[in-house]
file upload-v7.txt (compact mmCIF, C-alpha atoms)
# COMPACT_ATOMS: atom_id res chain seq x y z
CA MET A 104 90.69 77.35 101.48
CA TYR A 105 94.28 76.19 101.84
CA GLU A 106 94.64 72.77 103.51
CA LYS A 107 97.61 72.87 105.82
CA PRO A 108 100.12 70.00 105.88
CA LYS A 109 99.65 67.39 108.58
CA ALA A 110 102.19 67.15 111.35
CA SER A 111 103.87 63.83 111.92
CA ALA A 112 102.72 61.66 114.82
CA GLN A 113 105.95 62.38 116.69
CA GLN A 114 105.54 66.16 116.55
CA LYS A 115 103.83 68.11 119.26
CA ILE A 116 101.23 70.52 117.92
CA ARG A 117 101.98 74.06 119.00
CA LYS A 118 100.04 77.24 118.34
CA MET A 119 101.05 79.89 115.80
CA LEU A 120 99.43 83.33 115.84
CA VAL A 121 99.94 85.22 112.56
CA VAL A 122 99.43 88.95 112.98
CA GLU A 123 98.45 90.88 109.85
CA ARG A 124 96.45 94.09 110.14
CA LYS A 125 96.16 94.41 106.36
CA LEU A 126 94.69 90.95 105.87
CA VAL A 127 91.21 91.78 104.60
CA ARG A 128 90.20 89.59 101.67
CA ASN A 129 91.57 87.12 99.15
CA ARG A 130 93.64 89.65 97.22
CA GLY A 131 97.24 90.85 97.14
CA HIS A 132 100.26 89.30 98.85
CA PHE A 133 99.07 89.48 102.45
CA HIS A 134 97.09 86.26 102.32
CA THR A 135 99.64 84.23 100.34
CA GLN A 136 102.11 84.25 103.22
CA ILE A 137 99.64 82.33 105.42
CA PRO A 138 99.85 78.98 103.54
CA ALA A 139 103.59 79.56 103.08
CA LEU A 140 104.01 79.81 106.86
CA GLN A 141 101.88 76.70 107.36
CA ARG A 142 104.10 74.77 104.99
CA LEU A 143 107.16 75.97 106.87
CA LEU A 144 105.69 75.10 110.27
CA PRO A 145 103.31 72.15 109.82
CA ASN A 146 103.42 71.27 113.54
CA HIS A 147 101.79 74.61 114.48
CA SER A 148 98.04 75.18 114.48
CA LEU A 149 97.11 78.46 112.81
CA HIS A 150 95.38 81.41 114.51
CA LEU A 151 94.92 84.87 112.99
CA LEU A 152 94.97 88.40 114.40
CA THR A 153 93.73 90.75 111.68
CA GLY A 154 92.31 94.15 110.87
CA ASP A 155 88.72 94.95 111.78
CA THR A 156 87.40 94.46 108.21
CA TYR A 157 88.81 90.95 107.68
CA ASP A 158 86.07 88.87 106.01
CA ASP A 159 87.01 85.43 107.44
CA PHE A 160 88.02 83.96 104.05
CA LEU A 161 90.79 81.98 105.77
CA GLY A 162 88.59 81.10 108.72
CA PRO A 163 87.50 83.10 111.79
CA ALA A 164 90.06 85.41 113.35
CA ALA A 165 91.21 84.81 116.91
CA GLY A 166 91.24 88.59 117.35
CA LYS A 167 90.88 91.81 115.42
CA PHE A 168 92.46 95.20 115.89
CA SER A 169 90.03 98.06 116.39
CA ARG A 170 89.35 100.39 113.51
CA ASP A 171 91.25 103.26 115.09
CA ALA A 172 94.17 101.21 116.45
CA SER A 173 96.61 102.50 113.84
CA LYS A 174 95.59 106.11 114.37
CA LEU A 175 95.93 105.80 118.13
CA ALA A 176 99.31 104.12 117.75
CA THR A 177 100.51 106.99 115.56
CA LEU A 178 99.37 109.54 118.15
CA SER A 179 101.08 107.54 120.89
CA ALA A 180 104.34 107.48 118.92
CA ARG A 181 104.23 111.26 118.60
CA ALA A 182 103.41 111.65 122.29
CA LYS A 183 106.44 109.53 123.22
CA TYR A 184 109.03 110.34 120.56
CA GLY A 185 107.96 113.58 118.87
CA SER A 186 109.20 117.12 119.27
CA ALA A 187 107.74 119.26 122.06
CA ARG A 188 105.12 120.62 119.67
CA GLN A 189 104.27 117.14 118.36
CA LYS A 190 103.96 115.80 121.90
CA LEU A 191 101.59 118.57 122.96
CA ALA A 192 99.44 118.18 119.85
CA ALA A 193 99.30 114.40 120.31
CA PHE A 194 98.29 114.60 123.98
CA LEU A 195 95.56 117.13 123.14
CA LYS A 196 94.18 114.84 120.42
CA LEU A 197 94.34 111.85 122.75
CA ALA A 198 92.53 113.83 125.46
CA ALA A 199 89.82 114.72 122.96
CA ARG A 200 89.39 110.97 122.39
CA GLY A 201 88.88 110.40 126.09
CA ASN A 202 92.40 109.46 127.12
CA SER A 203 93.00 111.46 130.29
CA SER A 204 96.14 109.56 131.32
CA PHE A 205 99.64 110.96 130.89
CA HIS A 206 100.60 107.51 129.60
CA PRO A 207 99.84 107.17 125.87
CA PRO A 208 97.51 104.26 125.02
CA GLU A 209 98.93 101.05 123.55
CA PRO A 210 96.01 99.68 121.50
CA ILE A 211 98.10 97.33 119.38
CA ALA A 212 99.99 95.88 122.34
CA ASP A 213 96.74 95.55 124.33
CA THR A 214 95.03 93.62 121.52
CA LEU A 215 98.06 91.41 120.98
CA VAL A 216 98.34 90.56 124.68
CA GLU A 217 94.59 89.92 124.96
CA THR A 218 94.63 87.61 121.95
CA CYS A 219 97.64 85.66 123.22
CA ARG A 220 95.85 85.11 126.53
CA ARG A 221 92.52 84.26 124.90
CA ILE A 222 93.90 81.42 122.80
CA GLY A 223 96.30 80.29 125.51
CA LEU A 224 99.65 80.96 123.87
CA GLY A 225 102.54 79.84 126.02
CA ARG A 226 106.29 79.70 125.94
CA GLU A 227 106.40 76.90 123.37
CA ASP A 228 104.09 78.75 120.98
CA LEU A 229 104.84 81.33 118.33
CA VAL A 230 103.71 84.76 117.17
CA ILE A 231 104.70 85.74 113.62
CA ILE A 232 104.27 89.29 112.31
CA PRO A 233 105.17 89.02 108.59
CA SER A 234 104.62 92.73 107.77
CA ALA A 235 105.94 94.34 110.94
CA ASP A 236 106.40 98.04 111.56
CA LEU A 237 107.59 100.22 114.43
CA ASN A 238 104.24 99.96 116.24
CA MET A 239 104.40 96.18 116.06
CA LEU A 240 107.95 96.17 117.43
CA GLU A 241 106.81 98.13 120.47
CA ALA A 242 103.80 95.84 120.86
CA ALA A 243 106.04 92.76 120.77
CA GLN A 244 108.28 94.23 123.46
CA ALA A 245 105.19 94.95 125.57
CA VAL A 246 104.02 91.34 125.18
CA ALA A 247 107.41 89.99 126.26
CA GLN A 248 107.38 92.29 129.28
CA ARG A 249 103.78 91.74 130.36
CA LEU A 250 103.70 87.97 129.89
CA GLY A 251 107.20 87.41 131.25
CA THR A 252 108.36 83.81 131.32
CA ALA A 253 105.05 82.69 129.78
CA ALA A 254 105.53 84.87 126.67
CA PRO A 255 105.50 83.06 123.33
CA ALA A 256 108.37 83.48 120.89
CA ILE A 257 107.72 86.50 118.67
CA CYS A 258 109.15 86.82 115.16
CA LEU A 259 108.85 90.15 113.35
CA ARG A 260 109.66 90.54 109.64
CA PHE A 261 110.31 94.11 108.51
CA LEU A 262 109.82 94.94 104.85
CA SER A 263 110.20 98.71 104.58
CA PRO A 264 113.28 100.70 105.61
CA ASP A 265 111.07 103.41 107.10
CA PHE A 266 109.54 100.85 109.51
CA GLY A 267 106.12 102.33 108.74
CA GLU A 268 107.09 105.69 110.28
CA HIS A 269 107.63 108.52 107.80
CA ASP A 270 108.96 111.02 110.35
CA ASP A 271 112.73 110.51 110.38
CA ALA A 272 113.28 112.00 113.84
CA ILE A 273 110.56 109.89 115.47
CA ARG A 274 111.79 106.74 113.74
CA LYS A 275 115.39 107.31 114.89
CA ARG A 276 114.38 107.99 118.50
CA ALA A 277 112.05 105.00 118.66
CA LEU A 278 114.53 102.58 117.07
CA GLY A 279 117.34 103.93 119.25
CA LEU A 280 115.34 103.07 122.37
CA ALA A 281 114.15 99.75 120.92
CA ALA A 282 117.75 98.69 120.35
CA LYS A 283 118.39 99.01 124.09
CA VAL A 284 115.53 96.64 124.97
CA THR A 285 116.56 92.99 124.65
CA SER A 286 114.48 89.87 125.10
CA ASP A 287 115.16 86.23 124.35
CA ARG A 288 111.51 85.97 123.23
CA ILE A 289 111.86 88.34 120.26
CA ALA A 290 113.69 87.86 116.95
CA LEU A 291 113.82 90.38 114.12
CA PHE A 292 113.99 89.47 110.45
CA SER A 293 114.08 91.08 107.02
CA GLU A 294 113.81 89.84 103.46
CA SER A 295 116.97 91.31 101.97
CA GLY A 296 120.50 91.14 103.31
CA GLU A 297 120.93 94.78 102.30
CA PHE A 298 118.13 95.83 104.66
CA ALA A 299 119.62 93.85 107.57
CA GLU A 300 123.05 95.42 107.10
CA TYR A 301 121.57 98.92 106.90
CA VAL A 302 119.53 98.54 110.10
CA LYS A 303 122.47 97.10 112.03
CA ALA A 304 124.76 99.93 110.90
CA GLN A 305 122.24 102.74 111.47
CA PHE A 306 120.42 101.63 114.61
CA GLY A 307 122.38 98.78 116.15
CA LEU A 308 119.45 96.39 115.74
CA ALA A 309 120.39 92.80 114.94
CA ILE A 310 118.11 91.62 112.14
CA GLN A 311 118.39 88.23 110.46
CA PRO A 312 118.03 88.41 106.65
CA TYR A 313 116.45 86.15 104.03
CA PHE A 314 113.04 85.66 105.64
CA TYR A 315 111.45 84.99 102.24
CA LEU A 316 107.92 83.78 101.74
CA PRO A 317 106.61 82.84 98.28
CA CYS A 318 104.08 85.38 97.07
CA SER A 319 101.66 84.68 94.21
CA VAL A 320 103.64 81.86 92.61
CA GLU A 321 104.23 78.81 94.77
CA LEU A 322 107.72 77.36 94.99
CA THR A 323 107.12 73.95 93.41
CA SER A 324 109.15 71.69 91.17
CA THR A 325 106.70 72.28 88.32
CA GLN A 326 108.40 73.84 85.31
CA SER A 327 107.11 77.16 84.02
CA CYS A 328 104.68 76.82 81.14
CA GLN A 329 105.77 77.88 77.67
CA THR A 330 104.86 81.27 76.29
CA THR A 331 101.44 81.54 74.68
CA ASP A 332 102.95 82.84 71.44
CA LYS A 333 106.37 81.41 70.57
CA ARG A 334 106.79 84.04 67.89
CA ALA A 335 106.91 86.73 70.59
CA PHE A 336 109.23 87.42 73.51
CA ARG A 337 106.93 88.56 76.33
CA VAL A 338 108.09 91.02 79.01
CA GLY A 339 105.83 91.33 82.07
CA ILE A 340 105.15 94.46 84.11
CA PHE A 341 102.90 93.35 86.95
CA GLY A 342 100.81 95.18 89.52
CA ALA A 343 99.18 98.60 89.51
CA PRO A 344 101.48 101.40 88.26
CA ARG A 345 103.48 103.06 91.01
CA PRO A 346 106.19 105.71 90.59
CA GLU A 347 108.63 103.93 92.90
CA LYS A 348 108.27 100.83 90.70
CA GLY A 349 109.18 102.78 87.58
CA SER A 350 105.75 103.21 85.99
CA ARG A 351 106.68 106.65 84.67
CA ARG A 352 109.71 105.18 82.94
CA LEU A 353 107.91 102.44 81.09
CA HIS A 354 107.09 104.45 77.97
CA GLY A 355 110.73 105.52 77.64
CA ILE A 356 111.91 101.94 78.04
CA VAL A 357 109.43 100.69 75.43
CA GLN A 358 110.57 103.41 73.00
CA ALA A 359 114.23 102.58 73.63
CA THR A 360 113.53 98.90 73.01
CA ALA A 361 111.79 99.68 69.73
CA LYS A 362 114.79 101.71 68.52
CA LEU A 363 117.22 98.90 69.31
CA THR A 364 115.46 96.03 67.54
CA GLN A 365 117.19 94.46 64.55
CA SER A 366 115.98 92.38 61.64
CA ASP A 367 116.67 89.19 63.59
CA THR A 368 114.96 90.41 66.79
CA PRO A 369 111.75 88.50 67.49
CA HIS A 370 108.53 90.33 68.16
CA ILE A 371 108.60 91.80 71.70
CA GLN A 372 105.35 92.12 73.64
CA PHE A 373 105.19 94.20 76.81
CA VAL A 374 102.52 92.59 78.99
CA VAL A 375 101.26 95.44 81.18
CA GLN A 376 98.73 95.46 84.01
CA GLY A 377 96.74 98.67 84.35
CA SER A 378 93.21 99.96 84.66
CA ASP A 379 91.37 101.91 81.97
CA ASN A 380 92.20 105.08 83.92
CA ASP A 381 95.90 104.15 83.94
CA PHE A 382 95.81 104.04 80.13
CA GLY A 383 93.57 107.12 79.94
CA GLU A 384 94.48 110.70 79.09
CA SER A 385 95.86 111.50 82.56
CA GLY A 386 97.01 108.00 83.52
CA SER A 387 100.51 106.68 84.15
CA TYR A 388 100.40 104.67 80.93
CA LYS A 389 98.64 107.17 78.67
CA ASP A 390 101.48 107.07 76.12
CA LEU A 391 101.28 103.29 75.91
CA ALA A 392 97.56 103.02 75.20
CA TYR A 393 97.98 102.88 71.43
CA PHE A 394 101.71 102.31 71.12
CA ALA A 395 102.99 100.47 68.08
CA SER A 396 106.55 100.56 66.77
CA SER A 397 107.04 101.58 63.16
CA ASP A 398 108.42 98.17 62.18
CA GLY A 399 105.84 96.22 64.17
CA LYS A 400 108.54 94.61 66.31
CA VAL A 401 107.26 95.97 69.65
CA SER A 402 103.68 95.99 70.96
CA ILE A 403 101.68 96.37 74.17
CA GLU A 404 99.32 93.76 75.59
CA ARG A 405 97.05 95.23 78.28
CA HIS A 406 95.57 93.41 81.26
CA PRO A 407 93.51 94.65 84.24
CA THR A 408 95.13 95.07 87.64
CA VAL A 409 92.34 93.22 89.45
CA MET A 410 92.42 89.58 88.42
CA HIS A 411 91.48 86.25 89.93
CA GLN A 412 94.54 84.58 91.41
CA VAL A 413 94.41 81.70 88.94
CA ASP A 414 94.25 84.10 85.99
CA PHE A 415 97.12 86.18 87.36
CA ILE A 416 99.36 83.15 87.77
CA SER A 417 98.52 82.00 84.25
CA LEU A 418 99.43 85.44 82.92
CA PHE A 419 102.65 85.51 84.96
CA GLN A 420 103.65 82.10 83.67
CA SER A 421 103.08 83.23 80.08
CA VAL A 422 105.92 85.77 80.04
CA ASP A 423 109.59 85.15 79.30
CA ALA A 424 110.99 87.95 81.47
CA VAL A 425 109.89 90.33 84.20
CA LEU A 426 110.78 94.03 84.03
CA LEU A 427 111.61 95.87 87.26
CA PRO A 428 112.80 99.47 86.64
CA TYR A 429 112.46 100.16 90.35
CA ASP A 430 113.65 103.24 92.23
CA VAL A 431 116.69 102.03 94.16
CA SER A 432 116.40 104.83 96.73
CA LEU A 433 113.71 102.55 98.16
CA TYR A 434 114.30 99.17 96.53
CA GLY A 435 118.01 99.25 97.15
CA LEU A 436 117.08 98.02 100.63
CA GLN A 437 113.52 96.76 100.38
CA GLY A 438 112.72 93.40 98.85
CA SER A 439 110.22 92.71 96.08
CA GLY A 440 107.54 90.06 95.94
CA VAL A 441 107.74 90.10 92.14
CA VAL A 442 111.39 89.01 92.33
CA GLN A 443 110.35 86.02 94.41
CA ASP A 444 107.51 85.24 92.00
CA ALA A 445 109.88 85.45 89.03
CA VAL A 446 112.43 83.14 90.66
CA ALA A 447 109.70 80.68 91.66
CA ALA A 448 108.31 80.73 88.12
CA ARG A 449 111.81 80.45 86.56
CA LYS A 450 111.63 83.73 84.66
CA LEU A 451 114.42 86.06 83.57
CA ILE A 452 114.55 89.35 85.50
CA ILE A 453 115.59 92.69 84.00
CA HIS A 454 116.01 95.07 86.92
CA SER A 455 117.47 98.35 88.13
CA ASP A 456 121.13 98.16 89.01
CA ARG A 457 121.82 98.08 92.77
CA MET A 458 118.43 96.60 93.63
CA ALA A 459 118.18 94.67 96.87
CA MET A 460 117.88 90.88 97.00
CA ALA A 461 121.23 90.43 95.27
CA ASP A 462 121.24 86.81 96.43
CA MET A 463 118.20 86.14 94.22
CA LEU A 464 119.65 87.98 91.22
CA ALA A 465 123.13 86.49 91.11
CA HIS A 466 122.62 83.23 89.23
CA GLY A 467 122.70 84.40 85.62
CA ASN A 468 118.91 84.79 85.80
CA ALA A 469 118.93 88.59 86.05
CA TYR A 470 120.30 91.57 84.15
CA GLY A 471 120.80 95.04 85.59
CA ALA A 472 120.30 98.39 83.87
CA THR A 473 120.11 102.07 84.75
CA THR A 474 119.01 104.21 81.80
CA ASP A 475 116.02 103.58 79.54
CA GLU A 476 118.40 102.73 76.70
CA GLU A 477 120.22 100.20 78.88
CA PHE A 478 116.91 98.57 79.79
CA GLY A 479 115.99 98.40 76.11
CA ARG A 480 119.37 96.89 75.26
CA GLU A 481 119.03 94.20 77.95
CA ILE A 482 115.54 93.33 76.75
CA VAL A 483 116.70 92.92 73.16
CA LYS A 484 119.73 90.89 74.29
CA ALA A 485 117.46 88.63 76.36
CA THR A 486 115.52 87.65 73.23
CA HIS A 487 118.68 86.00 71.85
CA ILE A 488 119.70 83.96 74.91
CA ARG A 489 119.67 80.25 74.19
CA GLN A 490 116.77 78.46 75.87
CA ALA A 491 119.15 75.96 77.46
CA ASP A 492 121.08 78.84 79.06
CA VAL A 493 117.85 80.43 80.30
CA GLU A 494 116.76 77.17 81.89
CA SER A 495 120.14 76.59 83.51
CA ALA A 496 120.25 80.09 85.03
CA THR A 497 116.65 80.16 86.24
CA ASP A 498 117.00 76.64 87.66
CA ARG A 499 120.01 77.79 89.71
CA ALA A 500 118.02 80.73 91.09
CA PHE A 501 115.07 78.46 91.84
CA ALA A 502 117.34 76.00 93.69
CA HIS A 503 118.77 78.87 95.77
CA PHE A 504 115.25 79.98 96.74
CA GLN A 505 114.26 76.42 97.56
CA ARG A 506 117.33 75.86 99.76
CA GLY A 507 116.45 79.03 101.65
CA GLN A 508 112.98 77.68 102.35
CA ASN A 509 114.26 74.28 103.44
CA ASP A 510 116.70 75.97 105.82
CA HIS A 511 114.48 78.94 106.60
CA PRO A 512 115.76 81.50 109.15
CA ILE A 513 112.67 81.05 111.30
CA LYS A 514 113.57 77.40 111.80
CA ARG A 515 116.85 78.41 113.42
CA PHE A 516 115.13 80.51 116.08
CA PHE A 517 112.82 79.22 118.79
CA ILE A 518 111.55 76.29 116.68
CA LYS A 519 112.73 73.13 118.37
CA PRO A 520 111.58 69.52 117.85
call {"tool": "encode", "arguments": {"input": "upload-v7.txt", "output": "structure tokens"}}
result
Amino acid sequence: MYEKPKASAQQKIRKMLVVERKLVRNRGHFHTQIPALQRLLPNHSLHLLTGDTYDDFLGPAAGKFSRDASKLATLSARAKYGSARQKLAAFLKLAARGNSSFHPPEPIADTLVETCRRIGLGREDLVIIPSADLNMLEAAQAVAQRLGTAAPAICLRFLSPDFGEHDDAIRKRALGLAAKVTSDRIALFSESGEFAEYVKAQFGLAIQPYFYLPCSVELTSTQSCQTTDKRAFRVGIFGAPRPEKGSRRLHGIVQATAKLTQSDTPHIQFVVQGSDNDFGESGSYKDLAYFASSDGKVSIERHPTVMHQVDFISLFQSVDAVLLPYDVSLYGLQGSGVVQDAVAARKLIIHSDRMAMADMLAHGNAYGATTDEEFGREIVKATHIRQADVESATDRAFAHFQRGQNDHPIKRFFIKP
């Protein structure tokens, strides 16, 4: 278990409640933000509000959301913000669940308020919701209203431009009303500056950008390890294949890379995470299962998607560059944990043009592309960059990330000595 930093003798210990419904077990990015927050706020004691299946791997939870909290919250949103037909259907479903009131239930707000009261959160304490959505925004506003002057400061970080609500009309109505509710106890954050600008322009919500938290790779001064095979230039594609992350494009990019290699191009290895099914006959990577270029210059190295954290970090550190052919209709606003991992690990990044997080990609450490051929060309070009130039560029990106953590946005709101 992570050992949190000790507060100095002069600092008053305050409470910090981290709210994460998807925190279940020691896997993925949801748990890595907990030690990152503790490093940022060492004078706050940690408490957790989690989903009902959380297995206590970070210690007992102060509270847990009920199993049907999300479903009830969705029905409530439709009862409040939906069309006439959606409202009627939602109220009928709520009635069938035993809710006879004309006021939709607020299970998430109720649990959040109960947990704040149970652990004695007060005005000097803090609630952080690192993966906030529309339901959490409403819950935070309910906490500020119900607890009044005793309400803790509440920080919400939004990651997805749909705010967890796929119905455009409902999202617009809910955010339009939310923008009219102000409280000095609530601050809204995002990862990317692009996301913050979009939300302000579309909904009038003031969101502070650059709320970054290291993901799988910690932001330390330790230099990235050398590649395992210096004869090869290794390009990493991490995580399970997903269409919005460009998994369907990977075969085309690999083929384009193979066509562009020259006699002086070093061997290029694509390091790809995927299950046996992903590389099977109907999988996303079926065309990569036995790929080999005619000249032997390009190859595939397969790894499972489920790995122990230590093994994943070792694999991540072994690559020279990270490939992100992401769909910018989503990732033009939304941030990427892999970008943060790559910057923390001092890796080159080859990414889709117009991706969000431009501040992380603007130090000579990243190269944009659009077509498969352009991606292939950037990969081949990257193999010829002088090591000294790579280190200089990735060090600049790392320093930018580190400065952002030292002067983190959360420290400029509510957190006073």
call {"tool": "residues_around", "arguments": {"input": "upload-v7.txt", "residues": "A:Ala290", "least_positions_apart": "4", "cutoff": "10 Å", "atoms": "only C-alpha atoms", "output": "ChimeraX atom specification"}}
result
/A:231,243,256-260,285-286,309-311,513,516-517
call {"tool": "closest_residue", "arguments": {"input": "upload-v7.txt", "among": "A:Asp271, A:Asp492, A:Glu481, A:Glu123", "to": "A:Gly166", "atoms": "only C-alpha atoms"}}
result
A:Glu123
call {"tool": "atom_distance", "arguments": {"input": "upload-v7.txt", "atom1": "atom CA of A:Ser173", "atom2": "atom CA of A:Ser319"}}
result
27.0 Å
call {"tool": "residues_around", "arguments": {"input": "upload-v7.txt", "residues": "A:Ala193", "least_positions_apart": "5", "cutoff": "7 Å", "atoms": "all atoms listed in the file", "output": "NGL selection string"}}
result
:A and (178 or 181-182)
call {"tool": "residues_around", "arguments": {"input": "upload-v7.txt", "residues": "A:Val230", "least_positions_apart": "6", "cutoff": "6 Å", "atoms": "all atoms listed in the file", "output": "PyMOL selection string"}}
result
chain A and resi 119-121+257
call {"tool": "residues_around", "arguments": {"input": "upload-v7.txt", "residues": "stretch 364-378 of chain A", "least_positions_apart": "4", "cutoff": "9 Å", "atoms": "only C-alpha atoms", "output": "PyMOL selection string"}}
result
chain A and resi 334-344+357+360+382-383+386-388+399-409+418+422+479-480+482-484+486-487
call {"tool": "atom_distance", "arguments": {"input": "upload-v7.txt", "atom1": "atom CA of A:Ala461", "atom2": "atom CA of A:Ala361"}}
result
28.8 Å
call {"tool": "closest_residue", "arguments": {"input": "upload-v7.txt", "among": "A:Ser455, A:Thr135, A:Gln505, A:Ser417", "to": "A:Ala472", "atoms": "all atoms listed in the file"}}
result
A:Ser455
call {"tool": "closest_residue", "arguments": {"input": "upload-v7.txt", "among": "A:Pro145, A:Gly438, A:Gly185, A:Gly162", "to": "A:Arg128", "atoms": "all atoms listed in the file"}}
result
A:Gly162
call {"tool": "residues_around", "arguments": {"input": "upload-v7.txt", "residues": "A:Ala242", "least_positions_apart": "4", "cutoff": "8 Å", "atoms": "all atoms listed in the file", "output": "ChimeraX atom specification"}}
result
/A:209,211-213,215,238,246
call {"tool": "atom_distance", "arguments": {"input": "upload-v7.txt", "atom1": "atom CA of A:Ala459", "atom2": "atom CA of A:Arg499"}}
result
18.4 Å
call {"tool": "axis_aligned_box", "arguments": {"input": "upload-v7.txt", "around": "stretch 404-414 of chain A", "padding_each_side": "3 Å", "output": "JSON"}}
result
{"center_x": 95.4, "center_y": 88.5, "center_z": 83.5, "size_x": 13.8, "size_y": 19.5, "size_z": 21.8}
